[in-house]
$ cat target.tsv   # TSV, C-alpha atoms and all ligand atoms
chain	number	residue	atom	x	y	z
A	1	MET	CA	19.91	5.29	9.44
A	2	THR	CA	19.80	3.23	6.28
A	3	HIS	CA	16.30	3.47	4.87
A	4	VAL	CA	14.64	1.07	2.48
A	5	LEU	CA	11.36	2.12	0.89
A	6	VAL	CA	8.87	-0.74	1.20
A	7	THR	CA	5.78	-0.29	-0.95
A	8	GLY	CA	2.95	-2.40	0.39
A	9	GLY	CA	4.65	-2.58	3.79
A	10	ALA	CA	1.23	-2.71	5.46
A	11	GLY	CA	0.33	-5.89	3.57
A	12	TYR	CA	0.97	-9.54	4.31
A	13	ILE	CA	4.36	-10.07	2.70
A	14	GLY	CA	5.48	-6.43	2.93
A	15	SER	CA	4.97	-6.32	6.71
A	16	HIS	CA	7.05	-9.48	7.15
A	17	ALA	CA	9.74	-7.92	4.96
A	18	CYS	CA	9.74	-4.85	7.23
A	19	LYS	CA	10.34	-7.07	10.25
A	20	ALA	CA	13.22	-8.83	8.47
A	21	LEU	CA	14.72	-5.50	7.36
A	22	ARG	CA	14.56	-4.17	10.90
A	23	SER	CA	16.30	-7.31	12.22
A	24	ALA	CA	18.97	-6.90	9.54
A	25	GLY	CA	19.72	-3.32	10.67
A	26	TYR	CA	17.79	-1.33	8.06
A	27	THR	CA	14.90	1.06	8.70
A	28	PRO	CA	11.92	0.13	6.55
A	29	VAL	CA	9.77	3.05	5.38
A	30	THR	CA	6.35	1.72	4.48
A	31	TYR	CA	4.63	3.38	1.53
A	32	ASP	CA	1.06	2.12	1.37
A	33	ASN	CA	-2.36	3.49	0.41
A	34	LEU	CA	-4.01	1.23	3.03
A	35	VAL	CA	-6.62	0.03	0.54
A	36	THR	CA	-5.73	-3.62	1.15
A	37	GLY	CA	-3.06	-3.05	3.83
A	38	TRP	CA	-3.41	-2.51	7.59
A	39	GLU	CA	-2.02	0.34	9.64
A	40	ASP	CA	-1.69	-2.08	12.58
A	41	ALA	CA	0.75	-4.16	10.55
A	42	VAL	CA	3.25	-1.29	10.32
A	43	LYS	CA	5.36	-1.91	13.42
A	44	PHE	CA	8.97	-1.74	12.36
A	45	GLY	CA	9.44	1.73	10.87
A	46	PRO	CA	7.52	4.82	9.73
A	47	LEU	CA	4.37	4.74	7.60
A	48	GLU	CA	3.89	7.10	4.69
A	49	GLN	CA	0.37	6.83	3.41
A	50	GLY	CA	0.19	7.34	-0.33
A	51	ASP	CA	-0.75	5.83	-3.64
A	52	LEU	CA	1.68	4.43	-6.19
A	53	GLN	CA	0.17	6.66	-8.83
A	54	ASP	CA	0.69	9.82	-6.75
A	55	ARG	CA	4.01	10.98	-8.15
A	56	ALA	CA	4.22	14.13	-6.00
A	57	CYS	CA	3.78	12.11	-2.83
A	58	LEU	CA	6.40	9.58	-3.94
A	59	ASP	CA	8.87	12.37	-4.77
A	60	GLU	CA	8.41	13.84	-1.31
A	61	VAL	CA	9.02	10.48	0.36
A	62	PHE	CA	12.17	9.80	-1.68
A	63	GLU	CA	13.39	13.30	-0.79
A	64	ARG	CA	12.65	12.90	2.93
A	65	TYR	CA	14.32	9.52	3.47
A	66	SER	CA	16.87	9.08	0.63
A	67	PRO	CA	16.33	5.30	0.67
A	68	ILE	CA	19.17	3.11	-0.58
A	69	ALA	CA	16.69	0.75	-2.23
A	70	VAL	CA	13.05	0.07	-3.01
A	71	MET	CA	11.31	-3.19	-2.17
A	72	HIS	CA	8.14	-3.15	-4.22
A	73	PHE	CA	5.33	-5.32	-2.87
A	74	ALA	CA	2.30	-3.07	-3.35
A	75	ALA	CA	-0.06	-4.75	-5.79
A	76	LEU	CA	-3.48	-6.21	-6.27
A	77	SER	CA	-2.91	-9.95	-6.16
A	78	GLN	CA	-6.07	-11.97	-6.61
A	79	VAL	CA	-6.06	-14.21	-9.64
A	80	GLY	CA	-9.87	-14.56	-9.79
A	81	GLU	CA	-10.54	-10.83	-9.42
A	82	SER	CA	-7.97	-10.05	-12.10
A	83	MET	CA	-10.01	-12.08	-14.59
A	84	GLN	CA	-13.16	-10.11	-13.79
A	85	ASP	CA	-11.62	-6.68	-13.65
A	86	PRO	CA	-8.34	-6.66	-15.61
A	87	GLY	CA	-8.38	-2.88	-15.97
A	88	ARG	CA	-7.89	-2.45	-12.23
A	89	TYR	CA	-4.85	-4.71	-12.40
A	90	TRP	CA	-3.27	-2.85	-15.32
A	91	HIS	CA	-3.89	0.55	-13.71
A	92	ASN	CA	-2.87	-0.28	-10.19
A	93	ASN	CA	-0.07	-2.74	-10.79
A	94	VAL	CA	1.43	-1.68	-14.11
A	95	VAL	CA	0.82	2.08	-14.22
A	96	GLY	CA	1.48	2.35	-10.48
A	97	SER	CA	4.81	0.51	-10.83
A	98	LEU	CA	5.80	2.67	-13.77
A	99	VAL	CA	5.24	5.85	-11.74
A	100	LEU	CA	7.22	4.37	-8.84
A	101	ILE	CA	10.11	3.31	-11.08
A	102	GLU	CA	10.27	6.76	-12.69
A	103	ALA	CA	10.29	8.41	-9.26
A	104	ALA	CA	13.04	6.04	-8.01
A	105	VAL	CA	15.23	6.70	-11.03
A	106	GLU	CA	14.80	10.46	-10.73
A	107	ALA	CA	15.66	10.29	-7.03
A	108	GLU	CA	18.76	8.25	-7.95
A	109	CYS	CA	17.58	5.32	-5.88
A	110	GLN	CA	19.00	2.70	-8.21
A	111	ASN	CA	18.45	-0.57	-6.32
A	112	PHE	CA	15.06	-2.19	-6.83
A	113	VAL	CA	13.76	-5.48	-5.43
A	114	PHE	CA	10.55	-6.57	-7.13
A	115	SER	CA	7.89	-8.94	-5.95
A	116	SER	CA	6.85	-10.93	-9.03
A	117	THR	CA	5.08	-14.24	-9.31
A	118	CYS	CA	5.18	-17.71	-10.81
A	119	ALA	CA	1.77	-16.81	-12.26
A	120	THR	CA	3.86	-15.18	-15.04
A	121	TYR	CA	4.79	-18.68	-16.30
A	122	GLY	CA	1.27	-19.91	-17.05
A	123	GLU	CA	0.54	-23.52	-17.98
A	124	HIS	CA	3.51	-25.80	-18.68
A	125	ASP	CA	2.60	-29.47	-18.81
A	126	ASN	CA	4.10	-31.22	-15.81
A	127	VAL	CA	7.23	-29.10	-15.87
A	128	LEU	CA	9.14	-27.94	-12.83
A	129	LEU	CA	9.51	-24.25	-13.54
A	130	ASP	CA	12.87	-22.52	-13.65
A	131	GLU	CA	13.67	-18.90	-14.43
A	132	ASP	CA	14.26	-19.64	-18.12
A	133	CYS	CA	10.81	-21.14	-18.73
A	134	PRO	CA	8.81	-19.05	-21.19
A	135	GLN	CA	6.40	-16.66	-19.52
A	136	MET	CA	2.88	-17.23	-20.81
A	137	PRO	CA	0.52	-15.94	-18.10
A	138	ILE	CA	-3.09	-17.13	-18.31
A	139	ASN	CA	-4.55	-14.47	-16.01
A	140	ALA	CA	-4.43	-10.68	-15.89
A	141	TYR	CA	-2.64	-10.71	-12.54
A	142	GLY	CA	0.28	-12.69	-13.99
A	143	ALA	CA	0.25	-10.57	-17.15
A	144	SER	CA	0.47	-7.37	-15.09
A	145	LYS	CA	3.48	-8.69	-13.16
A	146	ARG	CA	5.24	-9.79	-16.34
A	147	ALA	CA	4.72	-6.31	-17.79
A	148	ILE	CA	6.41	-4.77	-14.73
A	149	GLU	CA	9.37	-7.11	-15.21
A	150	ASP	CA	9.65	-5.73	-18.76
A	151	ILE	CA	9.54	-2.14	-17.49
A	152	LEU	CA	12.40	-2.89	-15.07
A	153	GLU	CA	14.42	-4.41	-17.90
A	154	ASN	CA	13.89	-1.29	-20.03
A	155	PHE	CA	14.80	1.14	-17.23
A	156	SER	CA	17.86	-0.89	-16.47
A	157	ALA	CA	19.04	-0.48	-20.06
A	158	SER	CA	18.14	3.21	-20.25
A	159	HIS	CA	18.88	4.45	-16.71
A	160	GLY	CA	21.05	1.80	-15.07
A	161	LEU	CA	18.34	0.73	-12.60
A	162	ASN	CA	19.65	-2.39	-10.81
A	163	HIS	CA	17.02	-4.95	-9.98
A	164	VAL	CA	16.40	-8.30	-8.42
A	165	ILE	CA	13.11	-9.93	-9.43
A	166	PHE	CA	11.65	-12.61	-7.19
A	167	ARG	CA	9.02	-14.88	-8.71
A	168	TYR	CA	7.09	-16.20	-5.75
A	169	PHE	CA	5.26	-19.45	-5.62
A	170	ASN	CA	2.45	-19.72	-3.01
A	171	VAL	CA	3.34	-17.82	0.12
A	172	ALA	CA	1.86	-19.06	3.40
A	173	GLY	CA	2.52	-19.06	7.14
A	174	ALA	CA	3.11	-16.13	9.48
A	175	ASP	CA	5.64	-14.59	11.81
A	176	PRO	CA	6.25	-17.34	14.43
A	177	GLU	CA	6.10	-14.61	17.11
A	178	ALA	CA	2.60	-13.78	15.80
A	179	GLU	CA	3.29	-10.01	15.78
A	180	ILE	CA	2.03	-9.95	12.19
A	181	GLY	CA	0.33	-12.42	9.88
A	182	GLU	CA	-1.88	-12.97	6.86
A	183	PHE	CA	-5.15	-11.06	6.92
A	184	HIS	CA	-6.92	-10.06	3.71
A	185	GLN	CA	-10.34	-8.49	3.38
A	186	PRO	CA	-11.92	-10.15	1.47
A	187	GLU	CA	-9.89	-13.33	1.87
A	188	THR	CA	-9.33	-15.56	-1.17
A	189	HIS	CA	-6.24	-17.58	-0.24
A	190	LEU	CA	-6.46	-21.26	0.53
A	191	VAL	CA	-4.72	-21.48	3.92
A	192	PRO	CA	-6.48	-18.60	5.75
A	193	LEU	CA	-9.84	-19.59	4.25
A	194	MET	CA	-9.34	-23.12	5.48
A	195	LEU	CA	-8.38	-21.98	8.98
A	196	ASP	CA	-11.52	-19.82	9.06
A	197	ALA	CA	-13.61	-22.84	8.04
A	198	ILE	CA	-11.93	-25.00	10.68
A	199	ASP	CA	-12.87	-22.71	13.56
A	200	GLY	CA	-16.31	-21.87	12.21
A	201	LYS	CA	-15.59	-18.25	11.21
A	202	ARG	CA	-17.00	-19.05	7.77
A	203	ASP	CA	-18.79	-21.82	5.95
A	204	ALA	CA	-17.05	-24.83	4.49
A	205	LEU	CA	-14.10	-24.36	2.15
A	206	THR	CA	-14.95	-24.96	-1.52
A	207	ILE	CA	-12.36	-26.89	-3.50
A	208	PHE	CA	-12.13	-25.11	-6.85
A	209	GLY	CA	-12.11	-27.96	-9.34
A	210	THR	CA	-11.64	-31.69	-8.85
A	211	ASP	CA	-11.16	-32.63	-12.51
A	212	TYR	CA	-7.61	-31.33	-13.08
A	213	ASP	CA	-5.02	-33.62	-14.60
A	214	THR	CA	-3.32	-34.34	-11.26
A	215	PRO	CA	-3.28	-37.51	-9.14
A	216	ASP	CA	-6.25	-36.44	-6.97
A	217	GLY	CA	-7.87	-34.04	-9.46
A	218	THR	CA	-7.11	-30.84	-7.52
A	219	CYS	CA	-4.58	-28.09	-8.35
A	220	ILE	CA	-1.00	-28.44	-7.22
A	221	ARG	CA	0.97	-25.53	-5.76
A	222	ASP	CA	4.42	-25.01	-4.25
A	223	TYR	CA	4.06	-23.41	-0.80
A	224	VAL	CA	6.83	-21.31	0.71
A	225	HIS	CA	6.93	-19.85	4.23
A	226	VAL	CA	6.66	-16.06	4.34
A	227	MET	CA	9.64	-15.84	6.76
A	228	ASP	CA	11.86	-17.77	4.33
A	229	LEU	CA	10.58	-15.63	1.49
A	230	VAL	CA	11.48	-12.34	3.18
A	231	ASP	CA	14.91	-13.70	4.15
A	232	ALA	CA	15.57	-14.05	0.43
A	233	HIS	CA	14.73	-10.36	0.03
A	234	ILE	CA	17.43	-9.36	2.48
A	235	LEU	CA	19.88	-11.49	0.50
A	236	GLY	CA	18.61	-9.84	-2.70
A	237	LEU	CA	19.16	-6.40	-1.20
A	238	LYS	CA	22.73	-7.29	-0.24
A	239	TRP	CA	23.25	-8.72	-3.74
A	240	LEU	CA	22.36	-5.29	-5.17
A	241	GLU	CA	24.40	-3.41	-2.55
A	242	ASN	CA	27.38	-5.53	-3.58
A	243	GLY	CA	26.88	-4.48	-7.21
A	244	LYS	CA	26.14	-7.96	-8.50
A	245	GLY	CA	23.69	-6.78	-11.17
A	246	ASN	CA	20.24	-7.74	-12.37
A	247	ARG	CA	18.98	-11.21	-11.58
A	248	ILE	CA	15.72	-13.15	-11.51
A	249	PHE	CA	15.10	-15.79	-8.84
A	250	ASN	CA	12.24	-18.21	-8.27
A	251	LEU	CA	11.26	-18.52	-4.62
A	252	GLY	CA	9.57	-21.83	-3.90
A	253	SER	CA	10.25	-24.97	-1.93
A	254	GLY	CA	10.39	-27.21	-5.00
A	255	THR	CA	7.65	-29.49	-3.67
A	256	GLY	CA	4.06	-29.45	-4.84
A	257	PHE	CA	0.96	-30.16	-2.78
A	258	SER	CA	-2.59	-30.58	-4.05
A	259	VAL	CA	-5.50	-28.77	-2.44
A	260	ARG	CA	-6.62	-32.07	-0.90
A	261	GLU	CA	-3.14	-32.60	0.56
A	262	VAL	CA	-3.18	-29.12	2.11
A	263	ILE	CA	-6.56	-29.92	3.66
A	264	GLU	CA	-5.21	-33.19	5.06
A	265	HIS	CA	-2.13	-31.51	6.57
A	266	SER	CA	-4.32	-28.83	8.12
A	267	ARG	CA	-6.49	-31.46	9.74
A	268	ALA	CA	-3.40	-33.12	11.18
A	269	VAL	CA	-1.76	-29.90	12.43
A	270	THR	CA	-4.87	-28.38	14.00
A	271	ASN	CA	-6.38	-31.68	15.05
A	272	ARG	CA	-9.73	-30.39	13.83
A	273	VAL	CA	-12.12	-31.37	11.06
A	274	VAL	CA	-11.81	-29.29	7.89
A	275	PRO	CA	-15.31	-28.72	6.50
A	276	PHE	CA	-15.16	-28.62	2.69
A	277	THR	CA	-17.28	-29.06	-0.42
A	278	GLU	CA	-16.31	-29.60	-4.03
A	279	GLY	CA	-17.06	-26.92	-6.61
A	280	PRO	CA	-16.22	-25.92	-10.18
A	281	ARG	CA	-12.86	-24.61	-11.36
A	282	ARG	CA	-11.93	-20.97	-10.69
A	283	PRO	CA	-11.14	-19.09	-13.92
A	284	GLY	CA	-7.42	-18.31	-14.30
A	285	ASP	CA	-6.11	-21.17	-12.14
A	286	CYS	CA	-3.17	-23.17	-13.54
A	287	THR	CA	-3.13	-26.94	-13.00
A	288	LYS	CA	0.30	-27.07	-11.40
A	289	LEU	CA	2.90	-24.48	-10.38
A	290	VAL	CA	6.04	-25.90	-8.79
A	291	SER	CA	9.53	-24.43	-8.78
A	292	GLY	CA	12.34	-26.45	-10.33
A	293	SER	CA	15.07	-23.93	-9.65
A	294	VAL	CA	18.01	-24.01	-7.27
A	295	ARG	CA	19.34	-20.61	-8.38
A	296	ALA	CA	18.38	-18.77	-5.18
A	297	ASP	CA	20.14	-21.43	-3.13
A	298	ARG	CA	23.28	-21.54	-5.33
A	299	GLU	CA	23.72	-17.83	-5.99
A	300	LEU	CA	22.11	-16.06	-3.04
A	301	GLY	CA	22.81	-18.72	-0.46
A	302	TRP	CA	19.09	-18.89	0.39
A	303	LYS	CA	18.31	-21.74	2.78
A	304	PRO	CA	14.60	-22.01	3.56
A	305	SER	CA	14.17	-23.38	7.08
A	306	ARG	CA	10.42	-23.16	7.75
A	307	SER	CA	8.86	-24.12	4.40
A	308	THR	CA	7.23	-27.40	5.38
A	309	LEU	CA	3.43	-27.51	5.20
A	310	GLU	CA	3.35	-28.42	8.90
A	311	MET	CA	5.30	-25.31	9.96
A	312	MET	CA	3.45	-23.00	7.60
A	313	ILE	CA	0.06	-24.18	8.83
A	314	ALA	CA	1.15	-24.22	12.48
A	315	ASP	CA	2.46	-20.63	12.27
A	316	ALA	CA	-0.61	-19.46	10.33
A	317	TRP	CA	-2.87	-21.18	12.89
A	318	ARG	CA	-1.10	-19.48	15.82
A	319	TRP	CA	-1.56	-16.08	14.21
A	320	HIS	CA	-5.11	-16.94	13.20
A	321	GLN	CA	-6.05	-17.67	16.79
A	322	ASN	CA	-4.37	-14.61	18.34
A	323	GLY	CA	-3.99	-11.90	15.80
A	324	HIS	CA	-6.08	-9.67	13.62
A	325	TYR	CA	-5.98	-6.09	12.40
A	326	ASP	CA	-8.59	-3.35	12.77
A	327	ARG	CA	-9.37	-0.65	10.29
B	401	LIG	N1	-8.35	-22.85	-3.70
B	401	LIG	C1	-9.50	-23.58	-3.47
B	401	LIG	N2	-10.49	-22.99	-2.74
B	401	LIG	C2	-10.40	-21.74	-2.23
B	401	LIG	C3	-9.20	-21.00	-2.47
B	401	LIG	C4	-8.21	-21.60	-3.22
B	401	LIG	O1	-9.63	-24.72	-3.91
B	401	LIG	O2	-11.35	-21.26	-1.59
B	401	LIG	C5	-7.28	-23.47	-4.49
B	401	LIG	C6	-6.98	-22.71	-5.77
B	401	LIG	O3	-7.81	-23.17	-6.83
B	401	LIG	C7	-5.52	-23.04	-5.98
B	401	LIG	C8	-4.96	-23.20	-4.56
B	401	LIG	O4	-6.11	-23.42	-3.73
B	401	LIG	O5	-5.38	-24.26	-6.62
B	401	LIG	C9	-4.25	-21.97	-4.06
B	401	LIG	O6	-5.08	-20.84	-4.26
B	401	LIG	P1	-4.75	-19.41	-3.67
B	401	LIG	O7	-5.88	-18.51	-4.03
B	401	LIG	O8	-4.37	-19.52	-2.24
B	401	LIG	O9	-3.44	-19.01	-4.46
B	401	LIG	P2	-3.20	-18.89	-6.02
B	401	LIG	O10	-2.41	-20.09	-6.43
B	401	LIG	O11	-4.41	-18.62	-6.80
B	401	LIG	O12	-2.38	-17.55	-6.10
B	401	LIG	C10	-1.37	-17.27	-5.17
B	401	LIG	C11	-1.24	-15.78	-4.99
B	401	LIG	C12	-0.77	-15.16	-6.24
B	401	LIG	C13	0.44	-15.88	-6.75
B	401	LIG	C14	0.16	-17.33	-6.89
B	401	LIG	C15	1.30	-18.14	-7.38
B	401	LIG	O13	-2.47	-15.23	-4.61
B	401	LIG	O14	-0.46	-13.84	-5.97
B	401	LIG	O15	-0.21	-17.82	-5.63
B	401	LIG	O16	0.87	-19.47	-7.51
B	401	LIG	F1	0.78	-15.42	-7.96
$ encode --input "target.tsv" --output "structure tokens"
Amino acid sequence: MTHVLVTGGAGYIGSHACKALRSAGYTPVTYDNLVTGWEDAVKFGPLEQGDLQDRACLDEVFERYSPIAVMHFAALSQVGESMQDPGRYWHNNVVGSLVLIEAAVEAECQNFVFSSTCATYGEHDNVLLDEDCPQMPINAYGASKRAIEDILENFSASHGLNHVIFRYFNVAGADPEAEIGEFHQPETHLVPLMLDAIDGKRDALTIFGTDYDTPDGTCIRDYVHVMDLVDAHILGLKWLENGKGNRIFNLGSGTGFSVREVIEHSRAVTNRVVPFTEGPRRPGDCTKLVSGSVRADRELGWKPSRSTLEMMIADAWRWHQNGHYDR
């Protein structure tokens, strides 16, 4: 069996990656502390419960499975929370990743796929972002991810650690078979919050800021379907297996939608009213984050097939109506 260690495999993106790995013939070993992840989401390989900062536990897991690669998803990922409690983000994300990288190197597991973010770019006036744009994060979450990119770079130079870094734009949607989906506790992401508001599971959605310098005053984001996103990870893994070296790829659809546009598409897809109110800006939010890169397409051969707002909302809605996890 060819094992891949998937940190955060019980989380939203990690669990979808496990499904994709399983379909591609690998056995995903989930390593997750279950603080934000869900045991119910681990369906495609074994679960090893442990913390990123627990070096002894990591060493044991590397020893037991001899994985050919690490896919590192485990992280705290809320922009707003990171502004209120940056220390948690530096400890969990940065220190945790450092311990993981050291354990991987010592176990001679030299292929590393890292889940980074376009939040590392920060504010760039009306620019479509490519991988060479300067990284100037404006929130602690983005800063923590940029720091991990630097650690990977250093360990590559010192220990020959091969890595692919994916800078995600806004991930949405769910497994079309609804075996797994997006479920955070507490929830802060636009699409699941909106679906909750639509079917009355929570009060109206609040639009965070209507005075941004965009055509309708609300923030613009580039949404990418989680199934397309995890497909890119399989291609990234094969890239490393084929010895192609370190590379950074943006993963986005290249099209931006404002919060109001997402609301309008959700109304159309679900055929329901979206209750919303308008509120102040959320600290740490960039005006616009849209990918302007075709590198993943050109070099990895990545062809997103589900990343339209309609499909993302339809798949998220299907999961929302049928699926949930229990603690
Ligand atoms: N938004 C609202 N109301 C809400 C929630 C969100 O108006 O109740 C707005 C936000 O202000 C933002 C957009 O909807 O403009 C998307 O917000 P999300 O919280 O869904 O996503 P973020 O853009 O803040 O962050 C997400 C991930 C990060 C990742 C980032 C990249 O959570 O991990 O996308 O853009 F880095």
$ residues_around --input "target.tsv" --residues "Phe114 (chain A)" --least-positions-apart "4" --cutoff "8 Å" --atoms "only C-alpha atoms" --output "list in words"
Met71, His72, Phe73, His163, Val164, Ile165 and Phe166 of chain A
$ residues_around --input "target.tsv" --residues "Leu76 (chain A)" --least-positions-apart "3" --cutoff "8 Å" --atoms "all atoms listed in the file" --output "ChimeraX atom specification"
/A:89,92-93,141
$ residues_around --input "target.tsv" --residues "Cys118 (chain A)" --least-positions-apart "2" --cutoff "10 Å" --atoms "all atoms listed in the file" --output "PyMOL selection string"
chain A and resi 116+120-122+129-131+135+137+142+145-146+166-170+222+250-252+289-291
$ residues_near_ligand --input "target.tsv" --ligand "ligand LIG 401 (chain B)" --cutoff "9 Å" --atoms "all atoms listed in the file" --output "PyMOL selection string"
chain A and resi 76-80+116-120+141-142+145+167-172+187-194+205-210+218-223+258-260+262+278-279+281-290
$ residues_around --input "target.tsv" --residues "Val35 (chain A)" --least-positions-apart "3" --cutoff "10 Å" --atoms "only C-alpha atoms" --output "list of chain:residue names"
A:Gly8, A:Ala10, A:Gly11, A:Asp32, A:Trp38, A:Asp51, A:Leu76, A:Gln185
$ write_last_selection --input "target.tsv" --atoms "C-alpha atoms" --output "PDB file, in the coordinates of the input"
ATOM      1  CA  GLY A   8       2.950  -2.400   0.390  1.00  0.00           C
ATOM      2  CA  ALA A  10       1.230  -2.710   5.460  1.00  0.00           C
ATOM      3  CA  GLY A  11       0.330  -5.890   3.570  1.00  0.00           C
ATOM      4  CA  ASP A  32       1.060   2.120   1.370  1.00  0.00           C
ATOM      5  CA  TRP A  38      -3.410  -2.510   7.590  1.00  0.00           C
ATOM      6  CA  ASP A  51      -0.750   5.830  -3.640  1.00  0.00           C
ATOM      7  CA  LEU A  76      -3.480  -6.210  -6.270  1.00  0.00           C
ATOM      8  CA  GLN A 185     -10.340  -8.490   3.380  1.00  0.00           C
TER       9      GLN A 185
END
$ closest_residue --input "target.tsv" --among "A:Val294, A:Ser266, A:Val230, A:Ser23" --to "Gly254 (chain A)" --atoms "only C-alpha atoms"
A:Val294
$ closest_residue --input "target.tsv" --among "A:Ala56, A:Val273, A:Cys133, A:Val127" --to "Leu100 (chain A)" --atoms "only C-alpha atoms"
A:Ala56
$ decode --input "target.tsv" --residues "region 72-85 of chain A" --atoms "N, CA and C atoms" --output "tab-separated table (two decimals), in the first residue's frame"
chain	number	residue	atom	x	y	z
A	72	HIS	N	-0.18	18.56	3.73
A	72	HIS	CA	-0.35	19.26	5.00
A	72	HIS	C	-1.47	20.30	4.92
A	73	PHE	N	-2.63	19.90	5.46
A	73	PHE	CA	-3.80	20.79	5.48
A	73	PHE	C	-4.07	21.36	6.87
A	74	ALA	N	-3.62	20.64	7.91
A	74	ALA	CA	-4.04	21.01	9.27
A	74	ALA	C	-3.63	22.44	9.59
A	75	ALA	N	-4.61	23.26	9.91
A	75	ALA	CA	-4.32	24.66	10.25
A	75	ALA	C	-5.57	25.31	10.79
A	76	LEU	N	-5.36	26.36	11.56
A	76	LEU	CA	-6.46	27.26	11.88
A	76	LEU	C	-6.59	28.20	10.69
A	77	SER	N	-7.81	28.52	10.28
A	77	SER	CA	-7.93	29.20	8.99
A	77	SER	C	-8.96	30.33	8.94
A	78	GLN	N	-9.23	30.93	10.10
A	78	GLN	CA	-10.21	32.01	10.07
A	78	GLN	C	-9.51	33.37	10.14
A	79	VAL	N	-9.73	34.14	9.08
A	79	VAL	CA	-9.07	35.44	8.99
A	79	VAL	C	-9.42	36.32	10.20
A	80	GLY	N	-10.71	36.42	10.51
A	80	GLY	CA	-11.15	37.31	11.60
A	80	GLY	C	-10.54	36.90	12.95
A	81	GLU	N	-10.61	35.59	13.24
A	81	GLU	CA	-10.07	35.08	14.50
A	81	GLU	C	-8.57	35.34	14.60
A	82	SER	N	-7.89	35.23	13.46
A	82	SER	CA	-6.43	35.41	13.47
A	82	SER	C	-6.05	36.83	13.85
A	83	MET	N	-6.95	37.78	13.61
A	83	MET	CA	-6.66	39.17	13.98
A	83	MET	C	-6.86	39.39	15.48
A	84	GLN	N	-7.76	38.58	16.06
A	84	GLN	CA	-8.01	38.74	17.50
A	84	GLN	C	-7.04	37.94	18.34
A	85	ASP	N	-6.58	36.83	17.81
A	85	ASP	CA	-5.73	35.94	18.59
A	85	ASP	C	-4.56	35.43	17.74
